[in-house]
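See below for entry-v1.pdb, which holds PDB, C-alpha atoms, pLDDT in the B column.
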MODEL        1
ATOM      1  CA  MET A   1     -48.977   9.684  20.512  1.00 54.00           C
ATOM      2  CA  LYS A   2     -49.089  13.444  20.019  1.00 51.00           C
ATOM      3  CA  LYS A   3     -45.980  13.237  17.857  1.00 54.00           C
ATOM      4  CA  LEU A   4     -47.611  10.554  15.660  1.00 48.00           C
ATOM      5  CA  ILE A   5     -50.727  12.673  15.254  1.00 49.00           C
ATOM      6  CA  SER A   6     -48.579  15.665  14.267  1.00 50.00           C
ATOM      7  CA  ILE A   7     -46.733  13.627  11.631  1.00 47.00           C
ATOM      8  CA  LEU A   8     -50.005  12.304  10.177  1.00 45.00           C
ATOM      9  CA  ALA A   9     -51.393  15.821  10.079  1.00 48.00           C
ATOM     10  CA  ILE A  10     -48.344  17.064   8.189  1.00 47.00           C
ATOM     11  CA  VAL A  11     -48.573  14.189   5.690  1.00 45.00           C
ATOM     12  CA  LEU A  12     -52.267  14.796   5.122  1.00 44.00           C
ATOM     13  CA  PHE A  13     -51.698  18.529   4.728  1.00 43.00           C
ATOM     14  CA  SER A  14     -48.863  17.937   2.265  1.00 46.00           C
ATOM     15  CA  SER A  15     -50.966  15.515   0.234  1.00 45.00           C
ATOM     16  CA  SER A  16     -53.892  17.885   0.058  1.00 45.00           C
ATOM     17  CA  PHE A  17     -51.536  20.714  -0.918  1.00 45.00           C
ATOM     18  CA  ALA A  18     -49.932  18.628  -3.663  1.00 46.00           C
ATOM     19  CA  PHE A  19     -53.309  17.900  -5.242  1.00 50.00           C
ATOM     20  CA  SER A  20     -54.657  21.440  -4.824  1.00 71.00           C
ATOM     21  CA  GLN A  21     -52.800  22.592  -7.899  1.00 88.00           C
ATOM     22  CA  ASP A  22     -52.739  21.668 -11.581  1.00 91.00           C
ATOM     23  CA  GLU A  23     -49.475  20.973 -13.377  1.00 92.00           C
ATOM     24  CA  ILE A  24     -48.927  21.802 -17.053  1.00 92.00           C
ATOM     25  CA  PHE A  25     -46.186  20.003 -19.024  1.00 91.00           C
ATOM     26  CA  PHE A  26     -45.008  21.735 -22.223  1.00 89.00           C
ATOM     27  CA  ASN A  27     -43.529  20.142 -25.357  1.00 83.00           C
ATOM     28  CA  SER A  28     -40.350  22.158 -24.702  1.00 81.00           C
ATOM     29  CA  GLY A  29     -39.757  20.191 -21.499  1.00 81.00           C
ATOM     30  CA  ASP A  30     -40.833  23.012 -19.159  1.00 88.00           C
ATOM     31  CA  ARG A  31     -43.594  22.548 -16.596  1.00 88.00           C
ATOM     32  CA  VAL A  32     -45.672  24.997 -14.590  1.00 91.00           C
ATOM     33  CA  LYS A  33     -47.686  24.601 -11.383  1.00 92.00           C
ATOM     34  CA  ALA A  34     -50.934  26.375 -12.101  1.00 92.00           C
ATOM     35  CA  ASP A  35     -54.575  26.969 -11.347  1.00 90.00           C
ATOM     36  CA  ILE A  36     -56.303  26.254 -14.660  1.00 91.00           C
ATOM     37  CA  ILE A  37     -59.213  28.601 -15.351  1.00 90.00           C
ATOM     38  CA  GLU A  38     -60.424  27.472 -18.764  1.00 90.00           C
ATOM     39  CA  ILE A  39     -59.540  24.977 -21.511  1.00 89.00           C
ATOM     40  CA  SER A  40     -60.979  25.736 -24.939  1.00 87.00           C
ATOM     41  CA  LYS A  41     -60.509  24.034 -28.305  1.00 83.00           C
ATOM     42  CA  LYS A  42     -57.215  25.821 -29.023  1.00 85.00           C
ATOM     43  CA  GLN A  43     -56.133  27.534 -25.790  1.00 90.00           C
ATOM     44  CA  ILE A  44     -55.493  26.971 -22.103  1.00 92.00           C
ATOM     45  CA  LYS A  45     -55.992  29.818 -19.621  1.00 92.00           C
ATOM     46  CA  TYR A  46     -54.361  29.608 -16.209  1.00 92.00           C
ATOM     47  CA  LYS A  47     -52.774  31.518 -13.354  1.00 90.00           C
ATOM     48  CA  LYS A  48     -49.421  30.587 -11.927  1.00 90.00           C
ATOM     49  CA  PHE A  49     -49.930  28.829  -8.603  1.00 86.00           C
ATOM     50  CA  SER A  50     -47.140  30.913  -7.111  1.00 86.00           C
ATOM     51  CA  ASN A  51     -49.029  34.105  -8.019  1.00 87.00           C
ATOM     52  CA  LEU A  52     -52.774  33.482  -7.955  1.00 84.00           C
ATOM     53  CA  GLU A  53     -53.452  37.211  -7.791  1.00 85.00           C
ATOM     54  CA  GLY A  54     -51.407  37.743 -10.946  1.00 87.00           C
ATOM     55  CA  PRO A  55     -52.454  37.935 -14.611  1.00 91.00           C
ATOM     56  CA  VAL A  56     -54.152  35.164 -16.591  1.00 91.00           C
ATOM     57  CA  VAL A  57     -51.712  33.354 -18.889  1.00 92.00           C
ATOM     58  CA  ILE A  58     -52.960  32.070 -22.257  1.00 93.00           C
ATOM     59  CA  VAL A  59     -51.070  29.345 -24.158  1.00 91.00           C
ATOM     60  CA  ASN A  60     -51.745  27.409 -27.343  1.00 89.00           C
ATOM     61  CA  LYS A  61     -52.755  23.791 -26.712  1.00 86.00           C
ATOM     62  CA  LYS A  62     -50.397  22.515 -29.403  1.00 83.00           C
ATOM     63  CA  ASN A  63     -47.492  23.663 -27.196  1.00 86.00           C
ATOM     64  CA  VAL A  64     -48.725  21.619 -24.227  1.00 89.00           C
ATOM     65  CA  LYS A  65     -47.868  17.939 -23.885  1.00 88.00           C
ATOM     66  CA  LYS A  66     -50.056  16.977 -20.932  1.00 90.00           C
ATOM     67  CA  ILE A  67     -51.842  18.222 -17.809  1.00 91.00           C
ATOM     68  CA  ILE A  68     -51.981  16.618 -14.380  1.00 90.00           C
ATOM     69  CA  TYR A  69     -55.053  18.001 -12.601  1.00 89.00           C
ATOM     70  CA  LYS A  70     -55.317  18.718  -8.874  1.00 85.00           C
ATOM     71  CA  ASN A  71     -57.329  15.518  -8.361  1.00 86.00           C
ATOM     72  CA  GLY A  72     -54.446  13.457  -9.799  1.00 83.00           C
ATOM     73  CA  GLU A  73     -56.085  12.843 -13.187  1.00 86.00           C
ATOM     74  CA  GLU A  74     -53.705  13.025 -16.158  1.00 85.00           C
ATOM     75  CA  GLU A  75     -54.662  14.225 -19.668  1.00 87.00           C
ATOM     76  CA  LEU A  76     -52.556  14.052 -22.850  1.00 82.00           C
ATOM     77  CA  VAL A  77     -53.167  17.340 -24.671  1.00 83.00           C
ATOM     78  CA  SER A  78     -50.958  17.490 -27.785  1.00 69.00           C
ATOM     79  CA  SER A  79     -50.191  14.617 -30.152  1.00 55.00           C
ATOM     80  CA  ASP A  80     -47.337  16.600 -31.697  1.00 53.00           C
ATOM     81  CA  THR A  81     -44.907  15.822 -28.911  1.00 48.00           C
ATOM     82  CA  PRO A  82     -41.156  15.896 -29.419  1.00 51.00           C
ATOM     83  CA  ILE A  83     -39.481  12.741 -30.690  1.00 52.00           C
ATOM     84  CA  LEU A  84     -37.847  11.008 -27.752  1.00 50.00           C
ATOM     85  CA  GLY A  85     -34.617   9.125 -28.320  1.00 60.00           C
ATOM     86  CA  PHE A  86     -34.089  10.639 -31.787  1.00 79.00           C
ATOM     87  CA  ASN A  87     -30.933   9.792 -33.709  1.00 87.00           C
ATOM     88  CA  GLN A  88     -28.345  12.537 -33.335  1.00 92.00           C
ATOM     89  CA  ASN A  89     -26.185  11.855 -36.404  1.00 95.00           C
ATOM     90  CA  ILE A  90     -27.339  12.288 -39.997  1.00 96.00           C
ATOM     91  CA  PHE A  91     -25.472  11.509 -43.206  1.00 97.00           C
ATOM     92  CA  ALA A  92     -27.368  13.022 -46.153  1.00 97.00           C
ATOM     93  CA  TYR A  93     -27.167  13.181 -49.938  1.00 96.00           C
ATOM     94  CA  ASN A  94     -28.506  16.306 -51.664  1.00 95.00           C
ATOM     95  CA  ILE A  95     -30.635  14.856 -54.452  1.00 93.00           C
ATOM     96  CA  PHE A  96     -31.540  18.201 -56.034  1.00 90.00           C
ATOM     97  CA  ASP A  97     -27.908  19.312 -56.487  1.00 88.00           C
ATOM     98  CA  VAL A  98     -27.682  17.494 -59.827  1.00 85.00           C
ATOM     99  CA  VAL A  99     -29.363  20.643 -61.152  1.00 82.00           C
ATOM    100  CA  TYR A 100     -26.143  22.490 -60.258  1.00 80.00           C
ATOM    101  CA  SER A 101     -23.998  19.714 -61.822  1.00 84.00           C
ATOM    102  CA  GLN A 102     -22.761  18.688 -58.368  1.00 88.00           C
ATOM    103  CA  PHE A 103     -22.562  15.693 -56.054  1.00 92.00           C
ATOM    104  CA  ALA A 104     -23.292  17.099 -52.589  1.00 94.00           C
ATOM    105  CA  PHE A 105     -23.250  15.396 -49.199  1.00 95.00           C
ATOM    106  CA  SER A 106     -23.413  16.541 -45.580  1.00 96.00           C
ATOM    107  CA  TYR A 107     -22.837  15.261 -42.064  1.00 97.00           C
ATOM    108  CA  GLU A 108     -25.005  16.690 -39.271  1.00 97.00           C
ATOM    109  CA  HIS A 109     -24.883  16.211 -35.501  1.00 96.00           C
ATOM    110  CA  ILE A 110     -27.914  17.205 -33.395  1.00 95.00           C
ATOM    111  CA  SER A 111     -27.506  18.251 -29.763  1.00 93.00           C
ATOM    112  CA  LYS A 112     -28.979  16.091 -26.992  1.00 89.00           C
ATOM    113  CA  ASN A 113     -31.843  18.503 -26.316  1.00 88.00           C
ATOM    114  CA  GLY A 114     -32.748  18.568 -30.022  1.00 91.00           C
ATOM    115  CA  LYS A 115     -32.648  22.364 -30.283  1.00 93.00           C
ATOM    116  CA  MET A 116     -29.447  22.824 -32.330  1.00 96.00           C
ATOM    117  CA  SER A 117     -27.252  20.997 -34.826  1.00 97.00           C
ATOM    118  CA  PHE A 118     -23.869  21.485 -36.471  1.00 97.00           C
ATOM    119  CA  PHE A 119     -23.248  20.260 -40.008  1.00 97.00           C
ATOM    120  CA  ILE A 120     -20.485  20.084 -42.619  1.00 97.00           C
ATOM    121  CA  PRO A 121     -21.408  20.122 -46.339  1.00 96.00           C
ATOM    122  CA  VAL A 122     -19.131  18.765 -49.080  1.00 95.00           C
ATOM    123  CA  SER A 123     -19.831  19.312 -52.775  1.00 94.00           C
ATOM    124  CA  ILE A 124     -17.938  18.215 -55.898  1.00 92.00           C
ATOM    125  CA  GLY A 125     -18.768  19.808 -59.239  1.00 88.00           C
ATOM    126  CA  TYR A 126     -18.684  17.948 -62.527  1.00 83.00           C
ATOM    127  CA  GLY A 127     -19.155  18.874 -66.174  1.00 65.00           C
ATOM    128  CA  ASP A 128     -19.500  22.425 -67.452  1.00 61.00           C
ATOM    129  CA  GLY A 129     -23.080  23.149 -66.484  1.00 50.00           C
ATOM    130  CA  GLU A 130     -23.655  26.421 -64.635  1.00 50.00           C
ATOM    131  CA  GLY A 131     -27.159  25.565 -63.499  1.00 47.00           C
ATOM    132  CA  PRO A 132     -28.754  28.608 -61.859  1.00 48.00           C
ATOM    133  CA  LYS A 133     -25.383  30.011 -60.730  1.00 59.00           C
ATOM    134  CA  ALA A 134     -23.416  32.760 -62.471  1.00 66.00           C
ATOM    135  CA  PHE A 135     -20.192  30.693 -62.558  1.00 76.00           C
ATOM    136  CA  TYR A 136     -18.987  27.111 -62.766  1.00 81.00           C
ATOM    137  CA  ASP A 137     -18.880  25.710 -59.232  1.00 85.00           C
ATOM    138  CA  LYS A 138     -16.101  23.101 -59.019  1.00 89.00           C
ATOM    139  CA  GLY A 139     -16.795  22.276 -55.376  1.00 90.00           C
ATOM    140  CA  PHE A 140     -17.082  23.643 -51.853  1.00 94.00           C
ATOM    141  CA  THR A 141     -17.132  22.769 -48.179  1.00 96.00           C
ATOM    142  CA  GLY A 142     -17.944  24.770 -45.081  1.00 96.00           C
ATOM    143  CA  PHE A 143     -19.795  24.816 -41.810  1.00 96.00           C
ATOM    144  CA  GLY A 144     -23.369  25.448 -40.752  1.00 97.00           C
ATOM    145  CA  ILE A 145     -25.699  25.653 -37.758  1.00 97.00           C
ATOM    146  CA  ASN A 146     -29.369  24.685 -37.681  1.00 97.00           C
ATOM    147  CA  LEU A 147     -31.685  25.908 -34.927  1.00 97.00           C
ATOM    148  CA  PHE A 148     -34.874  23.941 -34.147  1.00 96.00           C
ATOM    149  CA  PRO A 149     -37.210  26.329 -32.240  1.00 93.00           C
ATOM    150  CA  THR A 150     -39.614  23.571 -31.162  1.00 89.00           C
ATOM    151  CA  GLY A 151     -37.174  20.663 -30.882  1.00 89.00           C
ATOM    152  CA  GLN A 152     -37.328  17.407 -32.822  1.00 90.00           C
ATOM    153  CA  HIS A 153     -40.658  16.272 -34.268  1.00 89.00           C
ATOM    154  CA  ARG A 154     -41.785  14.052 -37.087  1.00 89.00           C
ATOM    155  CA  VAL A 155     -42.072  17.279 -39.100  1.00 93.00           C
ATOM    156  CA  THR A 156     -39.536  19.874 -37.934  1.00 94.00           C
ATOM    157  CA  TYR A 157     -38.831  23.462 -38.959  1.00 96.00           C
ATOM    158  CA  TYR A 158     -35.261  24.733 -38.804  1.00 97.00           C
ATOM    159  CA  LEU A 159     -33.239  27.816 -39.699  1.00 97.00           C
ATOM    160  CA  GLY A 160     -29.664  29.013 -39.409  1.00 97.00           C
ATOM    161  CA  PRO A 161     -26.489  30.274 -41.088  1.00 97.00           C
ATOM    162  CA  GLU A 162     -24.245  28.318 -43.456  1.00 97.00           C
ATOM    163  CA  LEU A 163     -20.772  29.388 -44.636  1.00 96.00           C
ATOM    164  CA  HIS A 164     -19.146  28.001 -47.801  1.00 95.00           C
ATOM    165  CA  VAL A 165     -15.612  28.236 -49.174  1.00 96.00           C
ATOM    166  CA  GLY A 166     -15.212  26.858 -52.675  1.00 93.00           C
ATOM    167  CA  ILE A 167     -13.469  26.867 -56.024  1.00 92.00           C
ATOM    168  CA  GLY A 168     -15.163  28.240 -59.116  1.00 87.00           C
ATOM    169  CA  GLU A 169     -14.439  29.087 -62.728  1.00 85.00           C
ATOM    170  CA  ASP A 170     -15.625  32.047 -64.730  1.00 80.00           C
ATOM    171  CA  TYR A 171     -14.797  33.773 -67.976  1.00 75.00           C
ATOM    172  CA  THR A 172     -12.550  36.839 -67.930  1.00 75.00           C
ATOM    173  CA  GLN A 173     -12.562  39.309 -70.790  1.00 67.00           C
ATOM    174  CA  SER A 174      -9.449  40.646 -72.508  1.00 63.00           C
ATOM    175  CA  ASP A 175      -8.342  42.485 -75.649  1.00 59.00           C
ATOM    176  CA  TYR A 176     -10.983  45.208 -75.528  1.00 57.00           C
ATOM    177  CA  ASP A 177     -11.770  46.725 -78.946  1.00 57.00           C
ATOM    178  CA  PRO A 178     -12.845  50.359 -78.411  1.00 59.00           C
ATOM    179  CA  TYR A 179     -14.037  50.632 -82.007  1.00 58.00           C
ATOM    180  CA  TYR A 180     -16.624  47.878 -81.672  1.00 56.00           C
ATOM    181  CA  GLY A 181     -17.075  48.378 -77.945  1.00 56.00           C
ATOM    182  CA  TYR A 182     -16.669  44.751 -76.809  1.00 56.00           C
ATOM    183  CA  TYR A 183     -14.070  42.223 -75.665  1.00 53.00           C
ATOM    184  CA  ARG A 184     -12.806  39.964 -78.453  1.00 55.00           C
ATOM    185  CA  GLU A 185     -11.389  37.172 -76.286  1.00 55.00           C
ATOM    186  CA  SER A 186     -12.615  35.259 -73.229  1.00 68.00           C
ATOM    187  CA  THR A 187     -10.526  33.096 -70.922  1.00 75.00           C
ATOM    188  CA  LEU A 188     -11.855  30.602 -68.371  1.00 78.00           C
ATOM    189  CA  SER A 189     -10.100  31.380 -65.064  1.00 82.00           C
ATOM    190  CA  GLN A 190     -10.243  29.687 -61.660  1.00 87.00           C
ATOM    191  CA  PHE A 191     -10.801  31.466 -58.347  1.00 90.00           C
ATOM    192  CA  VAL A 192     -11.688  30.903 -54.670  1.00 93.00           C
ATOM    193  CA  TYR A 193     -15.059  32.169 -53.477  1.00 94.00           C
ATOM    194  CA  GLY A 194     -16.917  32.608 -50.189  1.00 94.00           C
ATOM    195  CA  ARG A 195     -20.637  32.365 -49.618  1.00 94.00           C
ATOM    196  CA  LEU A 196     -22.820  33.085 -46.568  1.00 96.00           C
ATOM    197  CA  MET A 197     -26.374  31.750 -46.555  1.00 96.00           C
ATOM    198  CA  ILE A 198     -29.287  32.067 -44.144  1.00 97.00           C
ATOM    199  CA  ASN A 199     -31.282  28.863 -44.489  1.00 97.00           C
ATOM    200  CA  ASN A 200     -34.888  27.936 -43.791  1.00 97.00           C
ATOM    201  CA  GLY A 201     -36.037  24.367 -44.085  1.00 97.00           C
ATOM    202  CA  ILE A 202     -38.426  21.562 -43.230  1.00 97.00           C
ATOM    203  CA  ALA A 203     -37.322  18.071 -42.177  1.00 96.00           C
ATOM    204  CA  TYR A 204     -39.568  15.007 -42.218  1.00 95.00           C
ATOM    205  CA  SER A 205     -38.757  11.760 -40.385  1.00 92.00           C
ATOM    206  CA  PRO A 206     -41.308   9.080 -41.342  1.00 90.00           C
ATOM    207  CA  VAL A 207     -39.238   6.455 -39.484  1.00 86.00           C
ATOM    208  CA  PRO A 208     -36.358   6.934 -37.002  1.00 81.00           C
ATOM    209  CA  GLY A 209     -33.613   6.032 -39.505  1.00 90.00           C
ATOM    210  CA  LEU A 210     -34.803   8.190 -42.418  1.00 93.00           C
ATOM    211  CA  ARG A 211     -34.766  11.981 -42.704  1.00 95.00           C
ATOM    212  CA  LEU A 212     -36.027  13.928 -45.714  1.00 96.00           C
ATOM    213  CA  SER A 213     -35.488  17.669 -45.854  1.00 97.00           C
ATOM    214  CA  ALA A 214     -35.947  20.684 -48.109  1.00 97.00           C
ATOM    215  CA  THR A 215     -33.725  23.739 -47.602  1.00 97.00           C
ATOM    216  CA  PHE A 216     -33.967  27.209 -49.119  1.00 96.00           C
ATOM    217  CA  GLY A 217     -31.227  29.765 -48.475  1.00 95.00           C
ATOM    218  CA  LEU A 218     -30.655  33.417 -49.319  1.00 96.00           C
ATOM    219  CA  GLY A 219     -27.351  35.229 -48.876  1.00 95.00           C
ATOM    220  CA  ILE A 220     -24.312  36.808 -50.461  1.00 94.00           C
ATOM    221  CA  ARG A 221     -21.212  35.469 -52.195  1.00 92.00           C
ATOM    222  CA  TYR A 222     -17.872  37.045 -53.065  1.00 92.00           C
ATOM    223  CA  TYR A 223     -14.936  36.343 -55.359  1.00 90.00           C
ATOM    224  CA  ASP A 224     -12.219  38.513 -56.839  1.00 89.00           C
ATOM    225  CA  LEU A 225     -11.596  37.918 -60.546  1.00 84.00           C
ATOM    226  CA  PRO A 226     -10.503  40.917 -62.623  1.00 81.00           C
ATOM    227  CA  ASN A 227     -12.331  41.473 -65.926  1.00 74.00           C
ATOM    228  CA  SER A 228     -15.197  39.199 -64.905  1.00 75.00           C
ATOM    229  CA  TYR A 229     -18.763  40.492 -65.129  1.00 71.00           C
ATOM    230  CA  ASP A 230     -19.813  38.878 -61.840  1.00 76.00           C
ATOM    231  CA  THR A 231     -16.773  39.564 -59.664  1.00 82.00           C
ATOM    232  CA  GLY A 232     -17.189  41.159 -56.228  1.00 87.00           C
ATOM    233  CA  VAL A 233     -20.120  40.883 -53.816  1.00 91.00           C
ATOM    234  CA  ASN A 234     -23.410  39.610 -55.216  1.00 90.00           C
ATOM    235  CA  SER A 235     -26.629  38.180 -53.851  1.00 91.00           C
ATOM    236  CA  THR A 236     -27.223  34.454 -54.210  1.00 90.00           C
ATOM    237  CA  ALA A 237     -29.857  31.824 -53.510  1.00 90.00           C
ATOM    238  CA  TYR A 238     -29.757  28.075 -52.963  1.00 88.00           C
ATOM    239  CA  PHE A 239     -32.365  25.315 -52.840  1.00 92.00           C
ATOM    240  CA  THR A 240     -31.928  21.605 -52.305  1.00 93.00           C
ATOM    241  CA  ILE A 241     -33.813  18.476 -51.343  1.00 95.00           C
ATOM    242  CA  SER A 242     -31.864  15.866 -49.386  1.00 96.00           C
ATOM    243  CA  MET A 243     -32.343  12.324 -48.161  1.00 96.00           C
ATOM    244  CA  GLY A 244     -30.457  11.286 -45.055  1.00 95.00           C
ATOM    245  CA  TYR A 245     -29.653   8.253 -42.937  1.00 96.00           C
ATOM    246  CA  ALA A 246     -30.048   8.980 -39.214  1.00 93.00           C
ATOM    247  CA  PHE A 247     -28.055   6.927 -36.727  1.00 92.00           C
TER     248      PHE A 247
ENDMDL
END
In structure tokens, what does this structure look like?
Amino acid sequence: MKKLISILAIVLFSSSFAFSQDEIFFNSGDRVKADIIEISKKQIKYKKFSNLEGPVVIVNKKNVKKIIYKNGEEELVSSDTPILGFNQNIFAYNIFDVVYSQFAFSYEHISKNGKMSFFIPVSIGYGDGEGPKAFYDKGFTGFGINLFPTGQHRVTYYLGPELHVGIGEDYTQSDYDPYYGYYRESTLSQFVYGRLMINNGIAYSPVPGLRLSATFGLGIRYYDLPNSYDTGVNSTAYFTISMGYAF
């Protein structure tokens, strides 16, 4: 009988202990056992339950998914929760690249936790239009990484590096006339170039199978073509809008 009473006492003590603390669940997937002090319109103030004598922690409510209070009541805090079961593979067409006289596509694979992706771009140039570039871009491929600081949402911010290796054409100057001070002949020559971009972008997924994104990148590019005005290392910029199928 004494043993039964002891077991019941332990169970009751454990139950009361379990509900004597609040539990905060973050959009990132983390959770914290806490003693919540105050909840305002935009912030939550709490102390960690493991250190009640410690400092007050203040977090933004939009980063909190839900709270389970010490009485067992559950409250959903943020409506901007990560997309669960998102599609990890995306095949996209860069609509805006017609400005550069290019057909451009990409394949992207997102990690299971939704915090990182790897992608491969492929572009094929057509015609003789330079667009905003300083040379004729005949095509490129490469490799890139996107980082998603807050995971996958309906509207998601991302950033990361992208490396291109491509083929271009540019005019080289020859037959310099010192009397007039200019080159009298120009020849269109082909070369291999490299380009490193740091991208920032926004992706929007109105439905699970559709992904719209806008990407802006700044970086440097390099090619070696003697007697060309733009040879060597130069700054470059890139902007595109893409529509993708997520599966």
Mind listing whatever residues come within 7 Å of the point (-33.1, 14.9, -44.3)? Use only C-alpha atoms, file coordinates, and give them as an MDAnalysis selection string. chainID A and resid 92 203:204 211:213 242:244
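Among the candidates A:Gly219, A:Gly54, A:Gly168, A:Pro149, the one nearest to Asp137 of chain A when counting only C-alpha atoms is A:Gly168.
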Got a sec: who's within 12 Å of Glu53 of chain A, counting only C-alpha atoms, leaving out chain neighbours fewer than 5 positions off, as a PyMOL selection string? chain A and resi 34-35+46-48
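Atom to atom, atom CA of Asp22 of chain A and atom CA of Lys61 of chain A stand 15.3 Å apart.
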Using all atoms listed in the file, what residues lie at most 12 Å away from (-47.0, 23.1, -33.1) (file coordinates), given as a count of residues only? 26
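The spacing separating atom CA of Ser205 of chain A from atom CA of Ile90 of chain A amounts to 11.4 Å.
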For Leu188 of chain A: contacts at 8 Å, only C-alpha atoms, fewer than 5 positions along chain excluded, given as a short mmCIF file (atom, residue, chain, number, x, y, z; two decimals) with C-alpha atoms, keeping the file's coordinate frame:
data_model
loop_
_atom_site.label_atom_id
_atom_site.label_comp_id
_atom_site.auth_asym_id
_atom_site.auth_seq_id
_atom_site.Cartn_x
_atom_site.Cartn_y
_atom_site.Cartn_z
CA GLU A 169 -14.44 29.09 -62.73
CA ASP A 170 -15.62 32.05 -64.73
CA TYR A 171 -14.80 33.77 -67.98
CA THR A 172 -12.55 36.84 -67.93
#
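When atom CA of Gly139 of chain A is paired with atom CA of Tyr193 of chain A, their separation reads 10.2 Å.
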Residues within 12 Å of Phe216 of chain A, please, as a VMD selection string. Count all atoms listed in the file; anything in the same chain fewer than 3 positions from it doesn't count. chain A and resid 96 157 to 162 197 to 203 213 219 236 to 242
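Across A:Leu210, A:Ile68, A:Leu147, A:Ile36, the tightest approach to Ser117 of chain A is made by A:Leu147 when counting only C-alpha atoms.
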